[in-house]
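Visitor: If it helps, the file is called structure-v2.pdb and holds PDB, N, CA and C atoms and all ligand atoms:
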ATOM      1  N   MET A   1      14.157   1.986 -14.136  1.00  0.00           N
ATOM      2  CA  MET A   1      13.023   2.869 -14.405  1.00  0.00           C
ATOM      3  C   MET A   1      11.726   2.150 -14.071  1.00  0.00           C
ATOM      4  N   ALA A   2      10.870   2.811 -13.372  1.00  0.00           N
ATOM      5  CA  ALA A   2       9.577   2.231 -13.047  1.00  0.00           C
ATOM      6  C   ALA A   2       8.674   2.273 -14.267  1.00  0.00           C
ATOM      7  N   SER A   3       7.949   1.207 -14.426  1.00  0.00           N
ATOM      8  CA  SER A   3       6.947   1.204 -15.480  1.00  0.00           C
ATOM      9  C   SER A   3       5.824   2.148 -15.120  1.00  0.00           C
ATOM     10  N   ALA A   4       5.365   2.911 -16.077  1.00  0.00           N
ATOM     11  CA  ALA A   4       4.297   3.867 -15.820  1.00  0.00           C
ATOM     12  C   ALA A   4       3.017   3.412 -16.513  1.00  0.00           C
ATOM     13  N   GLU A   5       2.768   2.123 -16.393  1.00  0.00           N
ATOM     14  CA  GLU A   5       1.535   1.614 -16.982  1.00  0.00           C
ATOM     15  C   GLU A   5       0.760   0.847 -15.925  1.00  0.00           C
ATOM     16  N   THR A   6      -0.507   1.097 -15.862  1.00  0.00           N
ATOM     17  CA  THR A   6      -1.378   0.361 -14.957  1.00  0.00           C
ATOM     18  C   THR A   6      -2.762   0.338 -15.580  1.00  0.00           C
ATOM     19  N   ARG A   7      -3.693  -0.161 -14.825  1.00  0.00           N
ATOM     20  CA  ARG A   7      -5.032  -0.327 -15.375  1.00  0.00           C
ATOM     21  C   ARG A   7      -6.027   0.405 -14.480  1.00  0.00           C
ATOM     22  N   CYS A   8      -6.959   1.078 -15.113  1.00  0.00           N
ATOM     23  CA  CYS A   8      -7.995   1.760 -14.350  1.00  0.00           C
ATOM     24  C   CYS A   8      -8.898   0.726 -13.679  1.00  0.00           C
ATOM     25  N   PRO A   9      -9.032   0.791 -12.349  1.00  0.00           N
ATOM     26  CA  PRO A   9      -9.883  -0.193 -11.664  1.00  0.00           C
ATOM     27  C   PRO A   9     -11.363   0.012 -11.951  1.00  0.00           C
ATOM     28  N   GLU A  10     -11.706   1.144 -12.505  1.00  0.00           N
ATOM     29  CA  GLU A  10     -13.109   1.433 -12.785  1.00  0.00           C
ATOM     30  C   GLU A  10     -13.522   0.928 -14.163  1.00  0.00           C
ATOM     31  N   CYS A  11     -12.798   1.319 -15.190  1.00  0.00           N
ATOM     32  CA  CYS A  11     -13.195   0.955 -16.560  1.00  0.00           C
ATOM     33  C   CYS A  11     -12.263  -0.086 -17.166  1.00  0.00           C
ATOM     34  N   GLU A  12     -11.179  -0.428 -16.433  1.00  0.00           N
ATOM     35  CA  GLU A  12     -10.225  -1.452 -16.844  1.00  0.00           C
ATOM     36  C   GLU A  12      -9.496  -1.126 -18.147  1.00  0.00           C
ATOM     37  N   SER A  13      -9.449   0.125 -18.488  1.00  0.00           N
ATOM     38  CA  SER A  13      -8.645   0.506 -19.643  1.00  0.00           C
ATOM     39  C   SER A  13      -7.193   0.670 -19.211  1.00  0.00           C
ATOM     40  N   ASP A  14      -6.291   0.391 -20.114  1.00  0.00           N
ATOM     41  CA  ASP A  14      -4.883   0.558 -19.817  1.00  0.00           C
ATOM     42  C   ASP A  14      -4.551   2.040 -19.730  1.00  0.00           C
ATOM     43  N   LEU A  15      -3.854   2.386 -18.672  1.00  0.00           N
ATOM     44  CA  LEU A  15      -3.426   3.766 -18.481  1.00  0.00           C
ATOM     45  C   LEU A  15      -1.940   3.852 -18.795  1.00  0.00           C
ATOM     46  N   ASP A  16      -1.612   4.603 -19.802  1.00  0.00           N
ATOM     47  CA  ASP A  16      -0.204   4.833 -20.111  1.00  0.00           C
ATOM     48  C   ASP A  16       0.159   6.216 -19.592  1.00  0.00           C
ATOM     49  N   LEU A  17       0.783   6.224 -18.438  1.00  0.00           N
ATOM     50  CA  LEU A  17       1.071   7.493 -17.766  1.00  0.00           C
ATOM     51  C   LEU A  17       2.539   7.868 -17.887  1.00  0.00           C
ATOM     52  N   ASP A  18       3.224   7.231 -18.838  1.00  0.00           N
ATOM     53  CA  ASP A  18       4.618   7.570 -19.055  1.00  0.00           C
ATOM     54  C   ASP A  18       4.725   9.044 -19.441  1.00  0.00           C
ATOM     55  N   GLY A  19       5.610   9.752 -18.769  1.00  0.00           N
ATOM     56  CA  GLY A  19       5.767  11.164 -19.060  1.00  0.00           C
ATOM     57  C   GLY A  19       5.020  12.050 -18.086  1.00  0.00           C
ATOM     58  N   TYR A  20       4.073  11.449 -17.347  1.00  0.00           N
ATOM     59  CA  TYR A  20       3.386  12.217 -16.311  1.00  0.00           C
ATOM     60  C   TYR A  20       4.296  12.320 -15.096  1.00  0.00           C
ATOM     61  N   ASP A  21       4.248  13.452 -14.427  1.00  0.00           N
ATOM     62  CA  ASP A  21       5.028  13.641 -13.222  1.00  0.00           C
ATOM     63  C   ASP A  21       4.147  13.300 -12.028  1.00  0.00           C
ATOM     64  N   LEU A  22       4.188  12.020 -11.646  1.00  0.00           N
ATOM     65  CA  LEU A  22       3.290  11.523 -10.606  1.00  0.00           C
ATOM     66  C   LEU A  22       3.999  11.423  -9.273  1.00  0.00           C
ATOM     67  N   ASP A  23       3.257  11.645  -8.214  1.00  0.00           N
ATOM     68  CA  ASP A  23       3.752  11.438  -6.858  1.00  0.00           C
ATOM     69  C   ASP A  23       2.769  10.547  -6.113  1.00  0.00           C
ATOM     70  N   GLU A  24       3.297   9.796  -5.153  1.00  0.00           N
ATOM     71  CA  GLU A  24       2.409   9.009  -4.310  1.00  0.00           C
ATOM     72  C   GLU A  24       1.443   9.933  -3.578  1.00  0.00           C
ATOM     73  N   GLY A  25       0.180   9.530  -3.554  1.00  0.00           N
ATOM     74  CA  GLY A  25      -0.831  10.334  -2.892  1.00  0.00           C
ATOM     75  C   GLY A  25      -1.514  11.319  -3.817  1.00  0.00           C
ATOM     76  N   GLU A  26      -0.962  11.472  -5.014  1.00  0.00           N
ATOM     77  CA  GLU A  26      -1.557  12.384  -5.984  1.00  0.00           C
ATOM     78  C   GLU A  26      -2.821  11.768  -6.580  1.00  0.00           C
ATOM     79  N   THR A  27      -3.755  12.592  -6.930  1.00  0.00           N
ATOM     80  CA  THR A  27      -4.974  12.114  -7.559  1.00  0.00           C
ATOM     81  C   THR A  27      -5.002  12.588  -9.004  1.00  0.00           C
ATOM     82  N   ILE A  28      -5.253  11.629  -9.897  1.00  0.00           N
ATOM     83  CA  ILE A  28      -5.364  11.938 -11.313  1.00  0.00           C
ATOM     84  C   ILE A  28      -6.752  11.512 -11.774  1.00  0.00           C
ATOM     85  N   ASN A  29      -7.102  11.866 -12.978  1.00  0.00           N
ATOM     86  CA  ASN A  29      -8.376  11.427 -13.531  1.00  0.00           C
ATOM     87  C   ASN A  29      -8.120  10.492 -14.689  1.00  0.00           C
ATOM     88  N   CYS A  30      -8.860   9.386 -14.694  1.00  0.00           N
ATOM     89  CA  CYS A  30      -8.745   8.447 -15.797  1.00  0.00           C
ATOM     90  C   CYS A  30      -9.118   9.150 -17.097  1.00  0.00           C
ATOM     91  N   PRO A  31      -8.261   9.043 -18.119  1.00  0.00           N
ATOM     92  CA  PRO A  31      -8.575   9.703 -19.385  1.00  0.00           C
ATOM     93  C   PRO A  31      -9.763   9.073 -20.104  1.00  0.00           C
ATOM     94  N   GLU A  32     -10.109   7.862 -19.723  1.00  0.00           N
ATOM     95  CA  GLU A  32     -11.218   7.174 -20.382  1.00  0.00           C
ATOM     96  C   GLU A  32     -12.562   7.439 -19.705  1.00  0.00           C
ATOM     97  N   CYS A  33     -12.607   7.281 -18.381  1.00  0.00           N
ATOM     98  CA  CYS A  33     -13.892   7.385 -17.681  1.00  0.00           C
ATOM     99  C   CYS A  33     -13.936   8.559 -16.703  1.00  0.00           C
ATOM    100  N   SER A  34     -12.821   9.278 -16.582  1.00  0.00           N
ATOM    101  CA  SER A  34     -12.746  10.502 -15.769  1.00  0.00           C
ATOM    102  C   SER A  34     -12.891  10.270 -14.269  1.00  0.00           C
ATOM    103  N   VAL A  35     -12.855   8.997 -13.850  1.00  0.00           N
ATOM    104  CA  VAL A  35     -12.943   8.729 -12.419  1.00  0.00           C
ATOM    105  C   VAL A  35     -11.655   9.220 -11.731  1.00  0.00           C
ATOM    106  N   PRO A  36     -11.759   9.792 -10.524  1.00  0.00           N
ATOM    107  CA  PRO A  36     -10.555  10.170  -9.799  1.00  0.00           C
ATOM    108  C   PRO A  36      -9.796   8.933  -9.326  1.00  0.00           C
ATOM    109  N   LEU A  37      -8.518   8.912  -9.594  1.00  0.00           N
ATOM    110  CA  LEU A  37      -7.666   7.778  -9.233  1.00  0.00           C
ATOM    111  C   LEU A  37      -6.525   8.275  -8.362  1.00  0.00           C
ATOM    112  N   LYS A  38      -6.390   7.676  -7.190  1.00  0.00           N
ATOM    113  CA  LYS A  38      -5.315   8.074  -6.292  1.00  0.00           C
ATOM    114  C   LYS A  38      -4.110   7.177  -6.510  1.00  0.00           C
ATOM    115  N   VAL A  39      -2.950   7.780  -6.654  1.00  0.00           N
ATOM    116  CA  VAL A  39      -1.713   7.027  -6.821  1.00  0.00           C
ATOM    117  C   VAL A  39      -1.255   6.548  -5.460  1.00  0.00           C
ATOM    118  N   THR A  40      -1.267   5.225  -5.263  1.00  0.00           N
ATOM    119  CA  THR A  40      -0.874   4.670  -3.973  1.00  0.00           C
ATOM    120  C   THR A  40       0.547   4.150  -3.976  1.00  0.00           C
ATOM    121  N   SER A  41       1.095   3.891  -5.160  1.00  0.00           N
ATOM    122  CA  SER A  41       2.462   3.415  -5.268  1.00  0.00           C
ATOM    123  C   SER A  41       2.990   3.779  -6.646  1.00  0.00           C
ATOM    124  N   LEU A  42       4.298   4.022  -6.709  1.00  0.00           N
ATOM    125  CA  LEU A  42       4.912   4.350  -7.996  1.00  0.00           C
ATOM    126  C   LEU A  42       5.672   3.180  -8.596  1.00  0.00           C
ATOM    127  N   ASP A  43       6.076   2.213  -7.791  1.00  0.00           N
ATOM    128  CA  ASP A  43       6.865   1.095  -8.291  1.00  0.00           C
ATOM    129  C   ASP A  43       6.440  -0.188  -7.594  1.00  0.00           C
ATOM    130  N   PRO A  44       5.501  -0.937  -8.156  1.00  0.00           N
ATOM    131  CA  PRO A  44       4.867  -0.673  -9.446  1.00  0.00           C
ATOM    132  C   PRO A  44       3.778   0.389  -9.322  1.00  0.00           C
ATOM    133  N   LEU A  45       3.470   1.019 -10.410  1.00  0.00           N
ATOM    134  CA  LEU A  45       2.436   2.034 -10.402  1.00  0.00           C
ATOM    135  C   LEU A  45       1.093   1.410 -10.038  1.00  0.00           C
ATOM    136  N   THR A  46       0.495   1.939  -8.986  1.00  0.00           N
ATOM    137  CA  THR A  46      -0.781   1.414  -8.520  1.00  0.00           C
ATOM    138  C   THR A  46      -1.720   2.574  -8.243  1.00  0.00           C
ATOM    139  N   VAL A  47      -2.933   2.446  -8.717  1.00  0.00           N
ATOM    140  CA  VAL A  47      -3.941   3.483  -8.455  1.00  0.00           C
ATOM    141  C   VAL A  47      -5.192   2.835  -7.887  1.00  0.00           C
ATOM    142  N   THR A  48      -5.904   3.598  -7.096  1.00  0.00           N
ATOM    143  CA  THR A  48      -7.175   3.131  -6.549  1.00  0.00           C
ATOM    144  C   THR A  48      -8.230   4.199  -6.784  1.00  0.00           C
ATOM    145  N   THR A  49      -9.457   3.781  -6.832  1.00  0.00           N
ATOM    146  CA  THR A  49     -10.536   4.764  -6.903  1.00  0.00           C
ATOM    147  C   THR A  49     -10.766   5.322  -5.513  1.00  0.00           C
ATOM    148  N   GLU A  50     -11.099   6.575  -5.486  1.00  0.00           N
ATOM    149  CA  GLU A  50     -11.422   7.200  -4.214  1.00  0.00           C
ATOM    150  C   GLU A  50     -12.934   7.231  -4.067  1.00  0.00           C
ATOM    151  N   GLU A  51     -13.402   6.516  -3.064  1.00  0.00           N
ATOM    152  CA  GLU A  51     -14.844   6.381  -2.905  1.00  0.00           C
ATOM    153  C   GLU A  51     -15.446   7.500  -2.066  1.00  0.00           C
ATOM    154  N   ASP A  52     -14.639   8.135  -1.268  1.00  0.00           N
ATOM    155  CA  ASP A  52     -15.208   9.126  -0.370  1.00  0.00           C
ATOM    156  C   ASP A  52     -14.919  10.522  -0.850  1.00  0.00           C
TER
HETATM  157 ZN    ZN A 101     -11.209   4.558 -16.197  1.00  0.00          ZN
END
As a first step, turn the structure in this file into structure tokens.
Guide:
Amino acid sequence: MASAETRCPECESDLDLDGYDLDEGETINCPECSVPLKVTSLDPLTVTTEED
């Protein structure tokens, strides 16, 4: 099972996304700072901020 925990690159809060149905390329919003985060990898879970 892939870990569904990562860190927001914007506010550095821990993101516990266990239970979310995520796909690579999907964009989510950080629950803490609401920045859009693009899922670039699922194993390990990696997100990046979208600047454009
Ligand atoms: Zn954040």
Visitor: Evaluate the PyMOL selection byres (((not hetatm)) within 8 of (chain A and resi 101)) and record the selected residues as a tab-separated table (two decimals) with N, CA and C atoms, keeping the file's coordinate frame, following the chain and residue labels used in the document.
Guide:
chain	number	residue	atom	x	y	z
A	7	ARG	N	-3.69	-0.16	-14.82
A	7	ARG	CA	-5.03	-0.33	-15.38
A	7	ARG	C	-6.03	0.40	-14.48
A	8	CYS	N	-6.96	1.08	-15.11
A	8	CYS	CA	-8.00	1.76	-14.35
A	8	CYS	C	-8.90	0.73	-13.68
A	9	PRO	N	-9.03	0.79	-12.35
A	9	PRO	CA	-9.88	-0.19	-11.66
A	9	PRO	C	-11.36	0.01	-11.95
A	10	GLU	N	-11.71	1.14	-12.50
A	10	GLU	CA	-13.11	1.43	-12.78
A	10	GLU	C	-13.52	0.93	-14.16
A	11	CYS	N	-12.80	1.32	-15.19
A	11	CYS	CA	-13.20	0.96	-16.56
A	11	CYS	C	-12.26	-0.09	-17.17
A	12	GLU	N	-11.18	-0.43	-16.43
A	12	GLU	CA	-10.22	-1.45	-16.84
A	12	GLU	C	-9.50	-1.13	-18.15
A	13	SER	N	-9.45	0.12	-18.49
A	13	SER	CA	-8.64	0.51	-19.64
A	13	SER	C	-7.19	0.67	-19.21
A	14	ASP	N	-6.29	0.39	-20.11
A	14	ASP	CA	-4.88	0.56	-19.82
A	14	ASP	C	-4.55	2.04	-19.73
A	29	ASN	N	-7.10	11.87	-12.98
A	29	ASN	CA	-8.38	11.43	-13.53
A	29	ASN	C	-8.12	10.49	-14.69
A	30	CYS	N	-8.86	9.39	-14.69
A	30	CYS	CA	-8.74	8.45	-15.80
A	30	CYS	C	-9.12	9.15	-17.10
A	31	PRO	N	-8.26	9.04	-18.12
A	31	PRO	CA	-8.57	9.70	-19.39
A	31	PRO	C	-9.76	9.07	-20.10
A	32	GLU	N	-10.11	7.86	-19.72
A	32	GLU	CA	-11.22	7.17	-20.38
A	32	GLU	C	-12.56	7.44	-19.70
A	33	CYS	N	-12.61	7.28	-18.38
A	33	CYS	CA	-13.89	7.38	-17.68
A	33	CYS	C	-13.94	8.56	-16.70
A	34	SER	N	-12.82	9.28	-16.58
A	34	SER	CA	-12.75	10.50	-15.77
A	34	SER	C	-12.89	10.27	-14.27
A	35	VAL	N	-12.86	9.00	-13.85
A	35	VAL	CA	-12.94	8.73	-12.42
A	35	VAL	C	-11.66	9.22	-11.73
A	36	PRO	N	-11.76	9.79	-10.52
A	36	PRO	CA	-10.56	10.17	-9.80
A	36	PRO	C	-9.80	8.93	-9.33
Visitor: Which residues are near A:Ala4? Cut-off 9 Å, only C-alpha atoms, ignore same chain within fewer than 5 positions. Put them as a list in words.
Guide: Leu15, Asp16, Leu17, Asp18, Gly19, Tyr20, Leu42, Asp43, Pro44 and Leu45 of chain A
Visitor: As an exercise, work out the distance from atom CA of A:Ile28 to atom CA of A:Glu50 in Å and give it to one decimal place.
Guide: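 Separation of atom CA of A:Ile28 and atom CA of A:Glu50: 10.5 Å.
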Visitor: Expressed in Å to a single decimal, how great is the separation between atom N of A:Glu26 and atom N of A:Thr40?
Guide: 6.3 Å
Visitor: Could you pull out all residues of chain A with a DSSP call of strand (DSSP E) and give them as a PyMOL selection string?
Guide: chain A and resi 5-7+14-16+27-29+36-42+45-49
Visitor: Which residues come within 8 Å of A:Glu24, counting all atoms listed in the file, excluding same-chain residues fewer than 3 positions away, as a list in words?
Guide: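 The contact residues come out as Asp21, Thr27, Lys38, Val39, Thr40, Ser41 and Leu42 of chain A.
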Visitor: Tell me, in Å to one decimal, how far atom CA of A:Asp23 is from atom N of A:Val47.
Guide: 11.4 Å
